[in-house]
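A.B. asks: See final_25.cif below, with mmCIF, C-alpha atoms and all ligand atoms.
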```cif
data_my_file
loop_
_atom_site.group_PDB
_atom_site.id
_atom_site.type_symbol
_atom_site.label_atom_id
_atom_site.label_comp_id
_atom_site.auth_asym_id
_atom_site.auth_seq_id
_atom_site.Cartn_x
_atom_site.Cartn_y
_atom_site.Cartn_z
ATOM 1 C CA MET A 1 -194.608 -35.002 69.939
ATOM 2 C CA ASP A 2 -196.152 -36.522 73.038
ATOM 3 C CA TRP A 3 -197.495 -34.034 75.573
ATOM 4 C CA ARG A 4 -195.694 -36.007 78.282
ATOM 5 C CA ASP A 5 -192.407 -34.660 76.890
ATOM 6 C CA SER A 6 -193.453 -31.144 77.802
ATOM 7 C CA PRO A 7 -192.792 -29.862 81.320
ATOM 8 C CA ASN A 8 -195.742 -27.503 80.875
ATOM 9 C CA TRP A 9 -198.312 -30.269 80.637
ATOM 10 C CA LEU A 10 -196.614 -32.421 83.278
ATOM 11 C CA ASN A 11 -196.755 -29.417 85.580
ATOM 12 C CA LEU A 12 -200.486 -28.990 84.969
ATOM 13 C CA ARG A 13 -201.044 -32.673 85.707
ATOM 14 C CA ASP A 14 -198.796 -32.975 88.750
ATOM 15 C CA ARG A 15 -199.203 -29.581 90.413
ATOM 16 C CA TYR A 16 -202.687 -28.570 89.390
ATOM 17 C CA GLY A 17 -204.374 -31.946 89.165
ATOM 18 C CA ILE A 18 -205.641 -31.629 85.606
ATOM 19 C CA SER A 19 -206.438 -35.166 84.453
ATOM 20 C CA GLU A 20 -204.661 -36.843 81.556
ATOM 21 C CA ALA A 21 -207.975 -37.159 79.712
ATOM 22 C CA GLN A 22 -208.520 -33.401 80.016
ATOM 23 C CA ILE A 23 -204.966 -32.707 78.876
ATOM 24 C CA GLU A 24 -205.419 -35.020 75.864
ATOM 25 C CA ARG A 25 -208.503 -33.032 74.822
ATOM 26 C CA ILE A 26 -206.833 -29.655 75.278
ATOM 27 C CA VAL A 27 -203.744 -30.775 73.372
ATOM 28 C CA ALA A 28 -205.891 -32.198 70.540
ATOM 29 C CA ASP A 29 -207.835 -28.930 70.195
ATOM 30 C CA PHE A 30 -204.790 -26.728 70.419
ATOM 31 C CA LEU A 31 -202.539 -29.097 68.444
ATOM 32 C CA GLN A 32 -199.883 -28.499 71.108
ATOM 33 C CA LEU A 33 -200.432 -24.809 70.471
ATOM 34 C CA ASP A 34 -197.793 -24.931 67.779
ATOM 35 C CA LEU A 35 -197.992 -21.254 66.980
ATOM 36 C CA ARG A 36 -195.083 -21.618 64.604
ATOM 37 C CA ARG A 37 -197.614 -22.673 61.987
ATOM 38 C CA PRO A 38 -199.193 -20.009 59.769
ATOM 39 C CA VAL A 39 -202.157 -18.292 61.416
ATOM 40 C CA GLU A 40 -204.430 -19.567 58.589
ATOM 41 C CA ARG A 41 -203.889 -23.111 59.821
ATOM 42 C CA PHE A 42 -204.911 -22.461 63.426
ATOM 43 C CA SER A 43 -207.881 -24.394 64.796
ATOM 44 C CA PRO A 44 -210.919 -22.293 65.884
ATOM 45 C CA THR A 45 -209.800 -22.635 69.519
ATOM 46 C CA GLU A 46 -206.291 -21.479 68.618
ATOM 47 C CA HIS A 47 -207.739 -18.514 66.751
ATOM 48 C CA LEU A 48 -209.816 -17.496 69.744
ATOM 49 C CA PHE A 49 -206.790 -17.802 71.940
ATOM 50 C CA TRP A 50 -204.437 -15.924 69.615
ATOM 51 C CA GLU A 51 -206.892 -13.045 69.199
ATOM 52 C CA HIS A 52 -207.580 -12.646 72.915
ATOM 53 C CA ARG A 53 -204.399 -14.037 74.448
ATOM 54 C CA ARG A 54 -203.915 -11.161 76.879
ATOM 55 C CA ASN A 55 -207.445 -11.463 78.228
ATOM 56 C CA SER A 56 -206.768 -14.098 80.878
ATOM 57 C CA GLY A 57 -210.345 -13.972 82.223
ATOM 58 C CA LEU A 58 -211.909 -14.648 78.830
ATOM 59 C CA ILE A 59 -209.507 -17.465 77.900
ATOM 60 C CA ALA A 60 -209.601 -19.085 81.351
ATOM 61 C CA GLY A 61 -213.405 -18.865 81.371
ATOM 62 C CA HIS A 62 -213.581 -20.570 77.974
ATOM 63 C CA VAL A 63 -211.074 -23.246 78.977
ATOM 64 C CA ALA A 64 -212.866 -23.910 82.288
ATOM 65 C CA GLU A 65 -216.212 -24.310 80.542
ATOM 66 C CA VAL A 66 -215.102 -26.430 77.584
ATOM 67 C CA TYR A 67 -212.793 -28.767 79.502
ATOM 68 C CA GLY A 68 -214.557 -28.863 82.852
ATOM 69 C CA LEU A 69 -211.710 -27.331 84.823
ATOM 70 C CA SER A 70 -211.778 -25.186 87.941
ATOM 71 C CA LYS A 71 -211.022 -21.477 87.553
ATOM 72 C CA LYS A 72 -207.605 -21.985 89.149
ATOM 73 C CA GLN A 73 -206.730 -24.817 86.765
ATOM 74 C CA ALA A 74 -208.007 -22.901 83.760
ATOM 75 C CA LYS A 75 -205.875 -19.909 84.691
ATOM 76 C CA GLN A 76 -202.798 -22.147 84.667
ATOM 77 C CA VAL A 77 -203.685 -23.467 81.218
ATOM 78 C CA TRP A 78 -203.960 -19.857 80.065
ATOM 79 C CA ALA A 79 -200.548 -19.071 81.619
ATOM 80 C CA VAL A 80 -198.930 -21.907 79.641
ATOM 81 C CA PHE A 81 -200.530 -20.721 76.416
ATOM 82 C CA ASN A 82 -199.681 -17.126 77.123
ATOM 83 C CA ALA A 83 -195.994 -17.849 77.717
ATOM 84 C CA ARG A 84 -195.896 -19.669 74.382
ATOM 85 C CA ALA A 85 -197.838 -16.951 72.619
ATOM 86 C CA ALA A 86 -195.628 -14.161 73.973
ATOM 87 C CA THR A 87 -192.547 -15.998 72.690
ATOM 88 C CA GLN A 88 -194.142 -16.686 69.319
ATOM 89 C CA GLU A 89 -195.294 -13.108 69.022
ATOM 90 C CA ALA A 90 -191.762 -11.838 69.622
ATOM 91 C CA VAL A 91 -190.427 -14.303 67.047
ATOM 92 C CA ARG A 92 -192.987 -13.199 64.463
ATOM 93 C CA ARG A 93 -192.147 -9.557 65.057
ATOM 94 C CA GLN A 94 -188.435 -10.205 64.650
ATOM 95 C CA LEU A 95 -188.863 -12.371 61.562
ATOM 96 C CA ALA A 96 -190.718 -9.441 60.006
ATOM 97 C CA LEU A 97 -187.663 -7.292 60.753
ATOM 98 C CA GLY A 98 -185.390 -9.770 59.007
ATOM 99 C CA VAL A 99 -183.969 -11.430 62.121
ATOM 100 C CA ARG A 100 -183.348 -15.143 61.605
ATOM 101 C CA GLN A 101 -181.092 -16.106 64.483
ATOM 102 C CA GLY A 102 -180.972 -15.558 68.212
ATOM 103 C CA ILE A 103 -178.471 -16.140 70.983
ATOM 104 C CA TRP A 104 -179.852 -18.017 73.957
ATOM 105 C CA ARG A 105 -179.624 -16.128 77.250
ATOM 106 C CA CYS A 106 -180.088 -18.045 80.460
ATOM 107 C CA ILE A 107 -181.074 -15.511 83.099
ATOM 108 C CA GLY A 108 -182.894 -15.648 86.391
ATOM 109 C CA ALA A 109 -181.963 -16.457 89.970
ATOM 110 C CA GLY A 110 -179.966 -19.530 90.933
ATOM 111 C CA ALA A 111 -177.199 -21.535 89.288
ATOM 112 C CA ASP A 112 -179.415 -23.109 86.628
ATOM 113 C CA PRO A 113 -182.898 -21.649 87.170
ATOM 114 C CA CYS A 114 -184.753 -23.659 84.525
ATOM 115 C CA GLY A 115 -182.277 -26.366 83.487
ATOM 116 C CA HIS A 116 -181.305 -24.554 80.292
ATOM 117 C CA LEU A 117 -177.869 -23.305 81.305
ATOM 118 C CA GLY A 118 -176.282 -25.626 78.729
ATOM 119 C CA LEU A 119 -177.971 -23.581 75.985
ATOM 120 C CA ASP A 120 -176.615 -20.249 77.217
ATOM 121 C CA GLY A 121 -174.701 -18.334 74.550
ATOM 122 C CA LYS A 122 -175.653 -20.717 71.745
ATOM 123 C CA THR A 123 -176.980 -19.395 68.463
ATOM 124 C CA PHE A 124 -180.191 -20.866 67.046
ATOM 125 C CA ASP A 125 -182.643 -20.365 64.210
ATOM 126 C CA ILE A 126 -185.601 -18.507 65.752
ATOM 127 C CA ARG A 127 -187.984 -20.221 63.287
ATOM 128 C CA LYS A 128 -187.009 -23.639 64.656
ATOM 129 C CA GLY A 129 -185.837 -23.130 68.222
ATOM 130 C CA MET A 130 -183.090 -25.012 69.989
ATOM 131 C CA PRO A 131 -182.884 -28.815 70.285
ATOM 132 C CA PHE A 132 -183.434 -29.776 73.926
ATOM 133 C CA GLY A 133 -184.006 -33.419 74.822
ATOM 134 C CA ASP A 134 -186.261 -34.786 72.097
ATOM 135 C CA ARG A 135 -187.829 -31.483 71.157
ATOM 136 C CA MET A 136 -187.220 -27.998 69.870
ATOM 137 C CA ILE A 137 -187.761 -25.219 72.380
ATOM 138 C CA LEU A 138 -187.747 -21.446 72.360
ATOM 139 C CA PRO A 139 -186.664 -19.334 75.343
ATOM 140 C CA GLY A 140 -189.479 -18.677 77.810
ATOM 141 C CA GLU A 141 -191.897 -21.269 76.465
ATOM 142 C CA ASP A 142 -191.582 -23.930 79.134
ATOM 143 C CA ALA A 143 -193.110 -23.721 82.601
ATOM 144 C CA GLY A 144 -190.718 -21.822 84.852
ATOM 145 C CA CYS A 145 -188.336 -20.924 82.018
ATOM 146 C CA THR A 146 -186.812 -17.489 82.556
ATOM 147 C CA CYS A 147 -184.585 -17.605 79.471
ATOM 148 C CA MET A 148 -184.573 -14.954 76.780
ATOM 149 C CA TYR A 149 -182.664 -14.453 73.569
ATOM 150 C CA SER A 150 -180.786 -11.674 71.870
ATOM 151 C CA PRO A 151 -181.666 -11.297 68.200
ATOM 152 C CA VAL A 152 -178.707 -11.553 65.844
ATOM 153 C CA ILE A 153 -178.933 -8.581 63.517
ATOM 154 C CA ALA A 154 -177.694 -9.441 60.024
ATOM 155 C CA GLY A 155 -174.566 -7.513 59.151
ATOM 156 C CA PHE A 156 -173.852 -6.746 62.776
ATOM 157 C CA ASP A 157 -170.803 -8.753 63.757
ATOM 158 C CA GLU A 158 -171.494 -9.882 67.270
ATOM 159 C CA SER A 159 -169.472 -12.544 68.999
ATOM 160 C CA PRO A 160 -171.658 -14.286 71.585
ATOM 161 C CA THR A 161 -168.705 -15.784 73.393
ATOM 162 C CA LEU A 162 -167.013 -12.421 73.853
ATOM 163 C CA LEU A 163 -170.258 -10.818 75.023
ATOM 164 C CA GLN A 164 -170.849 -13.743 77.295
ATOM 165 C CA ARG A 165 -167.388 -13.410 78.811
ATOM 166 C CA LEU A 166 -167.840 -9.688 79.358
ATOM 167 C CA LYS A 167 -171.235 -10.239 80.947
ATOM 168 C CA ARG A 168 -169.781 -12.770 83.373
ATOM 169 C CA MET A 169 -166.810 -10.542 84.148
ATOM 170 C CA PHE A 170 -169.101 -7.681 85.097
ATOM 171 C CA SER A 171 -171.569 -9.797 87.009
ATOM 172 C CA ARG A 172 -168.739 -11.160 89.195
ATOM 173 C CA SER A 173 -167.241 -7.803 90.070
HETATM 174 ZN ZN ZN B 201 -184.974 -21.594 80.446
#
```
How does the structure come out when it is put into structure tokens?
C.D. replies:
Amino acid sequence: MDWRDSPNWLNLRDRYGISEAQIERIVADFLQLDLRRPVERFSPTEHLFWEHRRNSGLIAGHVAEVYGLSKKQAKQVWAVFNARAATQEAVRRQLALGVRQGIWRCIGAGADPCGHLGLDGKTFDIRKGMPFGDRMILPGEDAGCTCMYSPVIAGFDESPTLLQRLKRMFSRS
């Protein structure tokens, strides 16, 4: 996957002025931060990040130093990684509980806050994510994405469309 397909990296380039050369290096080291891979296959940089992902100062400091970014830019890189990591962490926790599927929930202010309204109510494999454009995405991973998902509990017969309809009924009243 090309980093240019990801709104996260485009955002860092266009809004925070991180150069393409810097992005290429970060992406190469973090291998797109594909945290879906087993932890044993993480690069040393990914390991550092995964271990200390909540410590924004430590990660941003490391990123600023290694890639020659300003503190502000480095903090944004951390925010992108952290959004991904939080999603992946939730997925890992739920996989351990036997959850395999989720129902996409598009929430947040506005008619279509992050452009994912078309995915709302759809069921997906949480190990793979949902096809969106040319890639697979998980709720909350992209810059500005406010989506979440409801885990589908095996043996619990939940109809997403019915729930969805009820939710809309109540939110209108
Ligand atoms: Zn979204």
A.B. asks: Please produce, as JSON lines, a per-residue contact table for chain A versus ligand ZN 201 (chain B) (criterion: any atom at most 7 Å away, only C-alpha atoms and all ligand atoms considered), showing the nearest atom pair and its distance in Å to one decimal, sorted by chain then residue number.
C.D. replies:
```
{"residue": "A:Cys106", "atom": "CA", "partner": "B:ZN201", "partner_atom": "ZN", "distance": 6.0}
{"residue": "A:Cys114", "atom": "CA", "partner": "B:ZN201", "partner_atom": "ZN", "distance": 4.6}
{"residue": "A:Gly115", "atom": "CA", "partner": "B:ZN201", "partner_atom": "ZN", "distance": 6.3}
{"residue": "A:His116", "atom": "CA", "partner": "B:ZN201", "partner_atom": "ZN", "distance": 4.7}
{"residue": "A:Pro139", "atom": "CA", "partner": "B:ZN201", "partner_atom": "ZN", "distance": 5.8}
{"residue": "A:Gly140", "atom": "CA", "partner": "B:ZN201", "partner_atom": "ZN", "distance": 6.0}
{"residue": "A:Cys145", "atom": "CA", "partner": "B:ZN201", "partner_atom": "ZN", "distance": 3.8}
{"residue": "A:Thr146", "atom": "CA", "partner": "B:ZN201", "partner_atom": "ZN", "distance": 5.0}
{"residue": "A:Cys147", "atom": "CA", "partner": "B:ZN201", "partner_atom": "ZN", "distance": 4.1}
```
A.B. asks: Using Å and a single decimal, report how far CA of Pro113 (chain A) sits from CA of Lys72 (chain A).
C.D. replies: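 Straight-line distance from CA of Lys72 (chain A) to CA of Pro113 (chain A) works out to 24.8 Å.
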A.B. asks: Written as a CSV table (one decimal) with C-alpha atoms, keeping the file's coordinate frame, which residues does the PyMOL selection byres (((chain A and resi 53) around 9) and not hetatm) give for the file shown?
C.D. replies:
```
chain,number,residue,atom,x,y,z
A,48,LEU,CA,-209.8,-17.5,69.7
A,49,PHE,CA,-206.8,-17.8,71.9
A,50,TRP,CA,-204.4,-15.9,69.6
A,51,GLU,CA,-206.9,-13.0,69.2
A,52,HIS,CA,-207.6,-12.6,72.9
A,54,ARG,CA,-203.9,-11.2,76.9
A,55,ASN,CA,-207.4,-11.5,78.2
A,56,SER,CA,-206.8,-14.1,80.9
A,58,LEU,CA,-211.9,-14.6,78.8
A,59,ILE,CA,-209.5,-17.5,77.9
A,78,TRP,CA,-204.0,-19.9,80.1
A,81,PHE,CA,-200.5,-20.7,76.4
A,82,ASN,CA,-199.7,-17.1,77.1
A,85,ALA,CA,-197.8,-17.0,72.6
A,86,ALA,CA,-195.6,-14.2,74.0
```
A.B. asks: Do you know which residues are at most 9 Å from region 61-71 of chain A counting all atoms listed in the file, after dropping those on the same chain fewer than 6 positions away, and could you put them as a JSON list (two decimals) with C-alpha atoms, in the coordinates of the input?
C.D. replies:
```json
[["chain", "number", "residue", "atom", "x", "y", "z"],
["A", 18, "ILE", "CA", -205.64, -31.63, 85.61],
["A", 22, "GLN", "CA", -208.52, -33.40, 80.02],
["A", 23, "ILE", "CA", -204.97, -32.71, 78.88],
["A", 25, "ARG", "CA", -208.50, -33.03, 74.82],
["A", 26, "ILE", "CA", -206.83, -29.66, 75.28],
["A", 77, "VAL", "CA", -203.68, -23.47, 81.22],
["A", 78, "TRP", "CA", -203.96, -19.86, 80.06]]
```
A.B. asks: Compile the contact shell of region 96-99 of chain A as a VMD selection string: residues with an atom at most 10 Å away, counting all atoms listed in the file, same-chain residues fewer than 6 positions apart removed.
C.D. replies: chain A and resid 90 125 to 127 151 to 154
A.B. asks: Show me the residues around (-194.2, -34.9, 78.6) - criterion: an atom at most 12 Å away, all atoms listed in the file counted - as a list in words.
C.D. replies: Met1, Asp2, Trp3, Arg4, Asp5, Ser6, Pro7, Asn8, Trp9, Leu10, Asn11, Leu12, Arg13, Asp14, Glu20, Ile23, Glu24, Val27, Gln32, Gly133, Asp134, Arg135, Asp142 and Ala143 of chain A
A.B. asks: Rounded to one decimal, what separation in Å do you get between CA of Gly102 (chain A) and CA of Glu141 (chain A)?
C.D. replies: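 Separation of CA of Gly102 (chain A) and CA of Glu141 (chain A): 14.8 Å.
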A.B. asks: Tell me, in Å to one decimal, how far CA of Ala21 (chain A) is from CA of Ala60 (chain A).
C.D. replies: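 So the two atoms, CA of Ala21 (chain A) and CA of Ala60 (chain A), lie 18.2 Å apart.
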